[in-house]
>>> print(open('data_31.cif').read())   # mmCIF, C-alpha atoms
data_work
#
loop_
_atom_site.label_atom_id
_atom_site.label_comp_id
_atom_site.auth_asym_id
_atom_site.auth_seq_id
_atom_site.Cartn_x
_atom_site.Cartn_y
_atom_site.Cartn_z
CA MET A 264 4.83 93.06 94.18
CA ASN A 265 5.79 94.64 97.48
CA LYS A 266 9.31 94.75 98.95
CA THR A 267 8.74 91.72 101.22
CA ASN A 268 7.58 89.54 98.31
CA ILE A 269 10.59 90.56 96.21
CA ILE A 270 12.99 89.50 99.00
CA LEU A 271 11.20 86.15 99.46
CA ALA A 272 11.25 85.51 95.73
CA GLY A 273 14.98 86.17 95.68
CA LEU A 274 15.56 83.71 98.53
CA VAL A 275 13.58 81.01 96.75
CA LEU A 276 15.63 81.61 93.61
CA LEU A 277 18.90 81.28 95.55
CA ILE A 278 17.78 78.05 97.21
CA SER A 279 16.64 76.57 93.88
CA VAL A 280 19.88 77.23 91.98
CA PRO A 281 21.84 73.90 91.77
CA LEU A 282 25.44 73.78 92.96
CA THR A 283 27.91 73.98 90.09
CA GLY A 284 31.27 72.25 89.87
CA ALA A 285 32.94 75.52 90.89
CA CYS A 286 31.11 75.42 94.22
CA LEU A 287 32.18 71.90 95.08
CA GLN A 288 35.37 71.34 97.06
CA ALA A 289 38.14 68.84 96.46
CA GLU A 290 37.99 65.69 98.59
CA THR A 291 40.56 63.89 100.69
CA LEU A 292 40.74 60.09 100.59
CA ASN A 293 43.10 58.15 102.84
CA ILE A 294 44.43 54.72 101.89
CA ILE A 295 45.81 52.53 104.69
CA TYR A 296 47.66 49.64 103.10
CA THR A 297 49.63 46.51 103.91
CA GLY A 298 51.41 44.01 101.68
CA ASN A 299 53.86 41.13 101.97
CA MET A 300 52.85 40.41 105.57
CA ASN A 301 54.22 36.89 104.95
CA GLY A 302 52.25 35.40 107.85
CA LYS A 303 53.70 37.79 110.45
CA LEU A 304 50.85 38.42 112.86
CA GLU A 305 52.87 40.45 115.37
CA PRO A 306 56.48 41.48 116.04
CA CYS A 307 58.58 39.31 118.30
CA GLY A 308 59.19 42.23 120.68
CA CYS A 309 62.74 41.13 121.46
CA SER A 310 64.21 44.57 120.79
CA PRO A 311 62.68 48.08 120.98
CA LYS A 312 64.32 48.77 117.60
CA THR A 313 62.25 46.09 115.87
CA ASP A 314 59.11 46.09 118.03
CA TYR A 315 56.81 47.65 115.45
CA GLY A 316 53.71 46.55 113.60
CA GLY A 317 51.29 43.68 114.11
CA VAL A 318 47.62 43.30 113.29
CA ALA A 319 46.40 43.92 116.86
CA ARG A 320 48.13 47.30 116.93
CA LEU A 321 46.89 48.22 113.46
CA ALA A 322 43.35 47.36 114.51
CA GLY A 323 43.80 49.47 117.65
CA TYR A 324 45.09 52.39 115.59
CA ILE A 325 42.10 52.20 113.24
CA SER A 326 39.66 51.99 116.15
CA ARG A 327 41.16 55.15 117.64
CA TYR A 328 41.81 57.25 114.52
CA GLY A 329 39.36 55.84 111.97
CA GLY A 330 36.95 58.72 112.46
CA GLU A 331 39.65 61.30 111.82
CA LEU A 332 40.89 59.43 108.74
CA SER A 333 37.43 58.99 107.21
CA PRO A 334 36.85 58.54 104.38
CA TYR A 335 39.51 55.86 104.13
CA LEU A 336 40.23 52.58 102.36
CA LEU A 337 41.90 49.60 104.03
CA ILE A 338 43.72 47.38 101.52
CA ASP A 339 46.10 44.41 101.60
CA ALA A 340 48.12 44.00 98.40
CA GLY A 341 48.68 40.26 98.84
CA ASN A 342 51.29 37.78 100.10
CA PHE A 343 49.83 37.99 103.61
CA THR A 344 50.40 34.24 104.15
CA SER A 345 53.62 32.28 104.61
CA GLN A 346 53.71 28.56 103.70
CA ASP A 347 51.10 25.83 103.39
CA THR A 348 52.09 23.96 106.55
CA PRO A 349 49.93 23.15 109.57
CA GLN A 350 51.25 26.27 111.31
CA GLY A 351 51.01 28.31 108.12
CA ARG A 352 47.32 27.42 107.83
CA LEU A 353 46.71 28.60 111.39
CA GLN A 354 48.50 31.85 110.53
CA ALA A 355 46.37 32.31 107.42
CA GLU A 356 43.16 31.87 109.36
CA ALA A 357 44.26 34.25 112.13
CA MET A 358 45.26 36.84 109.50
CA LEU A 359 41.97 36.62 107.62
CA LYS A 360 39.97 36.74 110.84
CA SER A 361 41.90 39.87 111.85
CA PHE A 362 41.25 41.41 108.40
CA SER A 363 37.56 40.71 108.89
CA ILE A 364 37.47 42.44 112.28
CA MET A 365 39.22 45.49 110.78
CA LYS A 366 36.84 45.44 107.79
CA TYR A 367 39.41 45.43 105.00
CA ASP A 368 37.99 46.77 101.72
CA ALA A 369 40.10 44.52 99.47
CA VAL A 370 42.58 41.68 99.98
CA ALA A 371 44.65 40.36 97.07
CA LEU A 372 45.43 36.67 96.65
CA LEU A 373 48.82 36.53 94.97
CA ARG A 374 51.99 34.38 94.92
CA ASN A 375 52.01 33.11 98.52
CA GLU A 376 48.27 32.51 98.62
CA LYS A 377 48.38 30.48 95.39
CA ALA A 378 50.67 27.97 97.13
CA PHE A 379 47.77 26.95 99.39
CA ALA A 380 45.12 24.46 98.42
CA GLU A 381 42.42 26.57 96.76
CA ASP A 382 39.52 25.15 98.75
CA PHE A 383 41.30 25.90 102.04
CA LEU A 384 41.64 29.65 101.53
CA SER A 385 38.30 29.91 99.74
CA SER A 386 36.47 28.39 102.69
CA LEU A 387 38.12 30.87 105.07
CA ILE A 388 37.34 33.79 102.76
CA ARG A 389 33.67 32.78 102.75
CA LYS A 390 33.67 32.17 106.50
CA TYR A 391 35.07 35.60 107.36
CA ASN A 392 33.41 37.48 104.48
CA ILE A 393 36.68 38.77 103.01
CA PRO A 394 36.48 40.96 99.85
CA ALA A 395 39.21 39.00 98.06
CA VAL A 396 40.47 39.66 94.53
CA SER A 397 42.29 37.05 92.48
CA ASP A 398 43.01 36.07 88.90
CA SER A 399 41.68 32.59 89.71
CA PRO A 400 38.03 31.56 90.30
CA PRO A 401 35.94 31.57 92.38
CA HIS A 402 37.12 35.03 93.44
CA PRO A 403 36.51 38.16 91.37
CA ARG A 404 39.39 40.09 89.84
CA THR A 405 37.99 43.43 90.93
CA VAL A 406 36.23 45.12 93.85
CA THR A 407 34.29 48.30 93.15
CA LEU A 408 32.92 50.57 95.86
CA ARG A 409 32.09 54.15 96.66
CA ARG A 410 33.90 55.95 99.46
CA GLY A 411 33.29 59.58 100.44
CA GLY A 412 31.62 60.40 97.14
CA ILE A 413 34.42 58.79 95.10
CA ASN A 414 34.03 55.73 92.89
CA VAL A 415 36.87 53.29 93.59
CA ASN A 416 38.02 50.38 91.45
CA ILE A 417 40.48 47.93 93.09
CA SER A 418 41.85 45.12 90.93
CA ILE A 419 44.64 42.60 90.36
CA SER A 420 43.92 42.65 86.60
CA ALA A 421 45.74 45.18 84.40
CA VAL A 422 42.84 45.26 81.93
CA ASP A 423 40.09 46.05 84.45
CA TYR A 424 40.71 49.80 84.47
CA ARG A 425 37.61 52.05 84.71
CA LYS A 426 37.42 55.59 83.34
CA ASP A 427 34.82 56.70 85.89
CA ALA A 428 36.71 55.71 89.06
CA LEU A 429 39.85 56.04 91.12
CA ASN A 430 41.80 52.99 89.96
CA ILE A 431 44.01 50.98 92.36
CA PHE A 432 46.10 48.10 91.05
CA LEU A 433 47.44 45.38 93.40
CA THR A 434 50.49 43.41 92.27
CA ASP A 435 53.63 41.61 93.41
CA THR A 436 55.59 42.35 90.25
CA PRO A 437 58.98 43.82 91.25
CA LEU A 438 59.37 47.60 91.21
CA PRO A 439 58.91 49.95 89.43
CA GLY A 440 55.86 47.93 88.47
CA PRO A 441 54.31 46.54 85.32
CA ALA A 442 54.93 48.39 82.07
CA GLY A 443 52.08 50.39 80.57
CA MET A 444 50.35 51.06 83.90
CA GLY A 445 49.93 54.81 83.32
CA GLU A 446 46.13 54.55 83.28
CA TRP A 447 46.11 53.34 86.89
CA ASP A 448 46.11 56.02 89.59
CA ILE A 449 47.64 53.96 92.42
CA ILE A 450 49.77 50.80 92.32
CA ILE A 451 50.33 48.94 95.61
CA ASN A 452 53.12 46.40 95.44
CA SER A 453 53.68 43.35 97.67
CA SER A 454 56.87 41.97 96.13
CA GLY A 455 58.78 42.28 99.42
CA GLU A 456 61.05 45.07 98.23
CA ILE A 457 61.46 47.96 100.66
CA GLN A 458 60.43 51.25 99.08
CA GLU A 459 60.77 54.10 101.56
CA GLU A 460 58.97 56.73 99.46
CA PRO A 461 56.30 56.60 96.73
CA LEU A 462 57.37 56.58 93.09
CA LYS A 463 55.61 58.44 90.30
CA VAL A 464 55.86 56.45 87.07
CA ASN A 465 53.86 57.33 83.93
CA GLY A 466 51.30 59.16 86.05
CA ALA A 467 50.80 56.31 88.55
CA ILE A 468 51.68 56.65 92.24
CA ILE A 469 53.51 53.45 93.29
CA VAL A 470 53.85 52.37 96.92
CA SER A 471 55.05 49.09 98.40
CA GLY A 472 53.88 47.18 101.47
CA TYR A 473 56.56 47.08 104.14
CA PRO A 474 57.72 43.47 104.73
CA GLU A 475 56.09 41.57 107.61
CA GLY A 476 53.71 44.42 108.39
CA LYS A 477 56.29 46.33 110.40
CA ARG A 478 55.07 49.64 108.97
CA PRO A 479 51.56 49.92 107.55
CA GLY A 480 51.44 52.69 104.95
CA LEU A 481 49.13 55.71 104.89
CA LEU A 482 48.64 57.47 101.55
CA ARG A 483 46.63 60.72 101.71
CA LEU A 484 45.12 61.75 98.37
CA GLU A 485 43.68 65.11 97.33
CA ILE A 486 41.08 64.58 94.60
CA ASP A 487 39.45 67.36 92.60
CA THR A 488 35.87 67.59 91.38
CA LYS A 489 36.79 65.75 88.15
CA GLY A 490 38.11 62.80 90.14
CA ASP A 491 41.76 63.56 89.36
CA ILE A 492 44.48 63.33 92.02
CA THR A 493 45.90 66.82 92.55
CA GLY A 494 48.28 65.98 95.40
CA PHE A 495 49.33 63.29 97.86
CA ARG A 496 51.25 62.74 101.07
CA HIS A 497 52.69 59.50 102.40
CA GLU A 498 53.72 58.30 105.84
CA TRP A 499 54.57 55.05 107.60
CA LEU A 500 52.56 54.14 110.68
CA ARG A 501 55.17 53.26 113.29
CA LEU A 502 52.99 51.26 115.65
CA GLY A 503 55.18 50.47 118.65
CA SER A 504 54.54 48.99 122.08
CA ASN A 505 52.80 52.22 123.16
CA THR A 506 50.03 51.60 120.59
CA GLU A 507 46.90 50.27 122.26
CA GLU A 508 45.88 46.93 120.78
CA ASP A 509 42.38 46.01 119.69
CA ALA A 510 41.00 43.52 122.20
CA ASP A 511 39.16 41.38 119.63
CA VAL A 512 42.24 40.97 117.42
CA ARG A 513 44.40 40.24 120.48
CA ASN A 514 41.99 37.41 121.33
CA VAL A 515 42.52 36.05 117.80
CA LEU A 516 46.30 36.06 118.31
CA ASP A 517 46.08 34.43 121.74
CA ASP A 518 43.89 31.71 120.28
CA TYR A 519 46.45 31.23 117.49
CA ASP A 520 49.26 30.79 120.05
CA SER A 521 47.21 28.22 121.91
CA ARG A 522 46.43 26.27 118.74
CA VAL A 523 50.09 26.25 117.66
CA ALA A 524 51.09 24.93 121.08
CA GLY A 525 48.54 22.13 120.73
CA LEU A 526 49.76 21.32 117.23
CA LEU A 527 53.35 20.50 118.14
CA LYS A 528 55.08 17.81 120.15
CA GLU A 529 58.65 16.91 121.10
CA SER A 530 60.39 14.59 118.65
CA GLY A 531 62.17 12.53 121.26
CA GLU A 532 65.79 11.44 121.02
CA PRO A 533 67.85 13.12 118.27
CA PRO A 534 69.01 10.88 115.41
CA GLY A 535 72.40 9.21 115.52
CA GLY A 536 72.88 9.63 119.27
CA THR A 537 74.28 13.15 118.84
CA THR A 538 73.12 15.91 121.13
CA TYR A 539 73.89 19.44 122.26
CA LEU A 540 75.51 19.26 125.71
CA GLY A 541 73.63 22.12 127.34
CA VAL A 542 74.69 24.81 129.81
CA GLU A 543 75.18 22.44 132.75
CA LYS A 544 77.86 20.49 130.88
CA CYS A 545 79.57 23.70 129.76
CA ALA A 546 79.68 24.94 133.36
CA GLU A 547 81.89 22.01 134.41
CA CYS A 548 84.85 23.58 132.64
CA HIS A 549 83.74 27.18 132.12
CA GLN A 550 82.06 28.22 135.35
CA PRO A 551 83.20 31.90 135.33
CA PHE A 552 81.91 32.36 131.78
CA VAL A 553 78.60 30.66 132.60
CA GLU A 554 78.14 32.92 135.64
CA SER A 555 78.70 35.97 133.46
CA TRP A 556 76.30 34.63 130.82
CA GLN A 557 73.60 33.99 133.43
CA LYS A 558 73.46 37.75 134.11
CA THR A 559 72.56 38.53 130.50
CA ARG A 560 69.18 38.52 128.74
CA HIS A 561 70.34 35.54 126.66
CA ALA A 562 70.16 33.29 129.73
CA LYS A 563 66.43 34.02 129.99
CA ALA A 564 65.73 33.83 126.26
CA PHE A 565 63.52 30.76 126.39
CA ALA A 566 61.79 31.81 129.63
CA SER A 567 60.78 35.06 127.92
CA LEU A 568 59.12 33.03 125.17
CA GLN A 569 57.16 31.01 127.68
CA GLN A 570 56.03 34.21 129.40
CA ALA A 571 54.77 35.54 126.06
CA GLY A 572 52.92 32.29 125.31
CA LYS A 573 55.30 31.46 122.44
CA GLY A 574 57.18 28.57 124.04
CA ALA A 575 55.89 26.10 121.44
CA ASP A 576 56.17 28.35 118.39
CA PRO A 577 58.97 27.10 116.09
CA GLU A 578 59.28 30.51 114.42
CA CYS A 579 60.22 31.98 117.81
CA ILE A 580 62.13 29.04 119.32
CA VAL A 581 64.73 29.04 116.55
CA CYS A 582 66.07 32.43 117.75
CA HIS A 583 65.76 31.72 121.47
CA THR A 584 67.56 28.37 121.73
CA VAL A 585 70.77 26.76 120.48
CA GLY A 586 70.63 24.02 117.88
CA PHE A 587 66.87 24.05 117.35
CA GLY A 588 65.98 22.02 114.27
CA LYS A 589 69.56 20.86 113.75
CA GLU A 590 70.99 17.39 114.19
CA GLY A 591 71.33 16.79 117.89
CA GLY A 592 69.26 19.81 118.77
CA ARG A 593 65.73 20.21 120.00
CA ARG A 594 63.06 19.35 117.47
CA LEU A 595 59.31 19.73 117.38
CA LEU A 596 57.05 17.72 115.12
CA TYR A 597 53.51 18.34 113.93
CA ASP A 598 50.93 15.95 115.30
#
>>> encode(input="data_31.cif", output="structure tokens")
Amino acid sequence: MNKTNIILAGLVLLISVPLTGACLQAETLNIIYTGNMNGKLEPCGCSPKTDYGGVARLAGYISRYGGELSPYLLIDAGNFTSQDTPQGRLQAEAMLKSFSIMKYDAVALLRNEKAFAEDFLSSLIRKYNIPAVSDSPPHPRTVTLRRGGINVNISISAVDYRKDALNIFLTDTPLPGPAGMGEWDIIINSSGEIQEEPLKVNGAIIVSGYPEGKRPGLLRLEIDTKGDITGFRHEWLRLGSNTEEDADVRNVLDDYDSRVAGLLKESGEPPGGTTYLGVEKCAECHQPFVESWQKTRHAKAFASLQQAGKGADPECIVCHTVGFGKEGGRRLLYD
């Protein structure tokens, strides 16, 4: 064999040798999570200090940074609805439609969702193709998928742990979480408790969805070749008014506002003949104070709602008017 053939044979041998575990590199997997949204589709925007969060901003963030975060999981740990009222049902549909646009990987149906009529949420879940997990039929208890070469098992059932996967448990049991959960790698809680930093309990990393979606969480995992978590970092996504919204999700929210406005009507005269007098009556005796008040933002509180398309939203009106929902005050009724 001449020198050229020896070199070629060596190259073939190198190419044919399979990669061993020592040659493979650890992987990074990002988990973007929400929990205990409680029907809050977007912040009220009344103060810069509280103007954070909202599904349109989260969708915009994912559209912009999803490529950099890949591979990532998008998970809601449950309690994304509020109450089973006509407005609450509109909120639930808008939330699920937004989840569908963002392509959530798993959505838990827990305490709040169980208060709704089962066929109502089930029909929406089918309509928007939501990967829901629940301990009640017809939904499965577990979602399994593969992301970036990693097997992932997401469940609301403590017994559905898998040895060959990264295991994520979704619950609304109060912190620090269910006992005996050491086999689970990640626990995402939606109890409504504020947990600023992750906890490490019996080997499990526990995080908690920030109430009302004000701060979606981002958990960055380092995973070795055996599938074990070797490190993690956590941060809150502070999505303020400078975050570009996703146009499709914004359309969902605008449609929701319009449907809420069409759902409500004035109740007419208050019961018992009692009524709030109003600013005009106050001005008869307190003109200097009224003039001072008219220069403040409070004087334009209701006008600001109308500008934002929220003038018929009871959840907003209650903070922007006096006496709303009280005897003698303004009332709105469902049609």
>>> atom_distance(input="data_31.cif", atom1="atom CA of A:Thr407", atom2="atom CA of A:Tyr335")
14.3 Å
>>> closest_residue(input="data_31.cif", among="A:Gly490, A:Asn392, A:Ser504, A:Gly323", to="A:Val415", atoms="only C-alpha atoms")
A:Gly490
>>> resolve_selection(input="data_31.cif", expression="the PyMOL selection byres ((chain A and resi 501) around 8)", output="list of chain:residue names")
A:Tyr315, A:Gly316, A:Lys477, A:Arg478, A:Pro479, A:Trp499, A:Leu500, A:Leu502, A:Gly503
>>> atom_distance(input="data_31.cif", atom1="atom CA of A:Ala371", atom2="atom CA of A:Gly412")
23.9 Å
>>> atom_distance(input="data_31.cif", atom1="atom CA of A:Gly494", atom2="atom CA of A:Ile295")
16.5 Å
>>> closest_residue(input="data_31.cif", among="A:Glu356, A:Glu305, A:Asp398, A:Glu485", to="A:Thr434", atoms="all atoms listed in the file")
A:Asp398
>>> resolve_selection(input="data_31.cif", expression="the PyMOL selection byres ((chain A and resi 387) around 12)", output="ChimeraX atom specification")
/A:352-363,379-386,388-395
>>> resolve_selection(input="data_31.cif", expression="the PyMOL selection byres ((chain A and resi 326) around 12)", output="list in words")
Ala319, Arg320, Leu321, Ala322, Gly323, Tyr324, Ile325, Arg327, Tyr328, Gly329, Gly330, Glu331, Leu332, Ser333, Ile364, Met365, Lys366, Thr506, Glu507, Glu508, Asp509, Ala510, Asp511 and Val512 of chain A
>>> residues_around(input="data_31.cif", residues="A:Leu408", least_positions_apart="5", cutoff="9 Å", atoms="all atoms listed in the file", output="ChimeraX atom specification")
/A:368,413-417
>>> decode(input="data_31.cif", residues="stretch 387-423 of chain A", atoms="N, CA and C atoms", output="short mmCIF file (atom, residue, chain, number, x, y, z; two decimals), in the first residue's frame")
data_model
loop_
_atom_site.label_atom_id
_atom_site.label_comp_id
_atom_site.auth_asym_id
_atom_site.auth_seq_id
_atom_site.Cartn_x
_atom_site.Cartn_y
_atom_site.Cartn_z
N LEU A 387 -63.52 24.68 23.32
CA LEU A 387 -62.51 25.68 22.95
C LEU A 387 -61.15 25.04 22.76
N ILE A 388 -60.81 24.08 23.61
CA ILE A 388 -59.52 23.40 23.51
C ILE A 388 -59.42 22.65 22.19
N ARG A 389 -60.51 22.02 21.78
CA ARG A 389 -60.53 21.35 20.46
C ARG A 389 -60.45 22.38 19.34
N LYS A 390 -61.20 23.45 19.47
CA LYS A 390 -61.26 24.47 18.42
C LYS A 390 -59.89 25.08 18.15
N TYR A 391 -59.13 25.36 19.22
CA TYR A 391 -57.85 26.04 19.06
C TYR A 391 -56.65 25.10 19.19
N ASN A 392 -56.95 23.80 19.24
CA ASN A 392 -55.89 22.78 19.22
C ASN A 392 -54.88 23.01 20.34
N ILE A 393 -55.38 23.11 21.57
CA ILE A 393 -54.55 23.38 22.74
C ILE A 393 -54.07 22.06 23.35
N PRO A 394 -52.77 21.89 23.60
CA PRO A 394 -52.26 20.68 24.26
C PRO A 394 -52.52 20.74 25.77
N ALA A 395 -53.76 20.49 26.16
CA ALA A 395 -54.17 20.63 27.56
C ALA A 395 -53.88 19.35 28.34
N VAL A 396 -53.55 19.52 29.63
CA VAL A 396 -53.39 18.38 30.54
C VAL A 396 -54.32 18.59 31.72
N SER A 397 -54.95 17.51 32.14
CA SER A 397 -55.94 17.60 33.22
C SER A 397 -56.07 16.24 33.89
N ASP A 398 -56.54 16.24 35.13
CA ASP A 398 -56.81 14.96 35.80
C ASP A 398 -58.23 14.49 35.54
N SER A 399 -58.94 15.19 34.64
CA SER A 399 -60.32 14.82 34.30
C SER A 399 -60.43 14.59 32.80
N PRO A 400 -61.12 13.52 32.36
CA PRO A 400 -61.36 13.29 30.94
C PRO A 400 -62.16 14.46 30.37
N PRO A 401 -62.06 14.71 29.07
CA PRO A 401 -61.42 13.88 28.06
C PRO A 401 -59.96 14.23 27.81
N HIS A 402 -59.36 15.05 28.64
CA HIS A 402 -57.99 15.51 28.40
C HIS A 402 -56.98 14.55 29.03
N PRO A 403 -55.83 14.39 28.39
CA PRO A 403 -54.79 13.52 28.97
C PRO A 403 -54.15 14.18 30.19
N ARG A 404 -53.52 13.35 31.02
CA ARG A 404 -52.82 13.88 32.19
C ARG A 404 -51.41 14.34 31.83
N THR A 405 -50.93 13.91 30.68
CA THR A 405 -49.52 14.11 30.36
C THR A 405 -49.34 14.47 28.89
N VAL A 406 -48.38 15.35 28.62
CA VAL A 406 -47.92 15.64 27.26
C VAL A 406 -46.45 15.23 27.18
N THR A 407 -46.12 14.43 26.19
CA THR A 407 -44.72 14.07 25.97
C THR A 407 -44.29 14.60 24.61
N LEU A 408 -43.06 15.10 24.55
CA LEU A 408 -42.54 15.65 23.30
C LEU A 408 -41.02 15.59 23.33
N ARG A 409 -40.43 15.92 22.22
CA ARG A 409 -38.98 15.96 22.11
C ARG A 409 -38.58 17.36 21.66
N ARG A 410 -37.66 17.97 22.37
CA ARG A 410 -37.27 19.33 22.06
C ARG A 410 -35.74 19.44 22.14
N GLY A 411 -35.12 19.77 21.00
CA GLY A 411 -33.67 19.92 20.96
C GLY A 411 -32.91 18.68 21.36
N GLY A 412 -33.43 17.51 21.00
CA GLY A 412 -32.75 16.26 21.35
C GLY A 412 -33.05 15.77 22.75
N ILE A 413 -33.97 16.42 23.46
CA ILE A 413 -34.29 16.05 24.84
C ILE A 413 -35.73 15.55 24.91
N ASN A 414 -35.93 14.39 25.52
CA ASN A 414 -37.28 13.91 25.77
C ASN A 414 -37.87 14.68 26.94
N VAL A 415 -39.10 15.17 26.78
CA VAL A 415 -39.74 15.99 27.81
C VAL A 415 -41.09 15.37 28.17
N ASN A 416 -41.34 15.27 29.47
CA ASN A 416 -42.59 14.74 29.99
C ASN A 416 -43.22 15.82 30.88
N ILE A 417 -44.40 16.33 30.47
CA ILE A 417 -45.09 17.40 31.20
C ILE A 417 -46.41 16.84 31.70
N SER A 418 -46.66 16.93 33.01
CA SER A 418 -47.83 16.26 33.57
C SER A 418 -48.41 17.02 34.76
N ILE A 419 -49.70 16.76 35.04
CA ILE A 419 -50.34 17.24 36.25
C ILE A 419 -50.53 16.08 37.23
N SER A 420 -50.01 14.91 36.88
CA SER A 420 -50.16 13.71 37.70
C SER A 420 -48.83 13.34 38.34
N ALA A 421 -48.81 13.23 39.67
CA ALA A 421 -47.57 12.94 40.39
C ALA A 421 -47.03 11.55 40.09
N VAL A 422 -47.86 10.66 39.56
CA VAL A 422 -47.41 9.28 39.32
C VAL A 422 -46.91 9.09 37.89
N ASP A 423 -47.06 10.08 37.04
CA ASP A 423 -46.70 9.91 35.62
C ASP A 423 -45.27 10.35 35.32
#
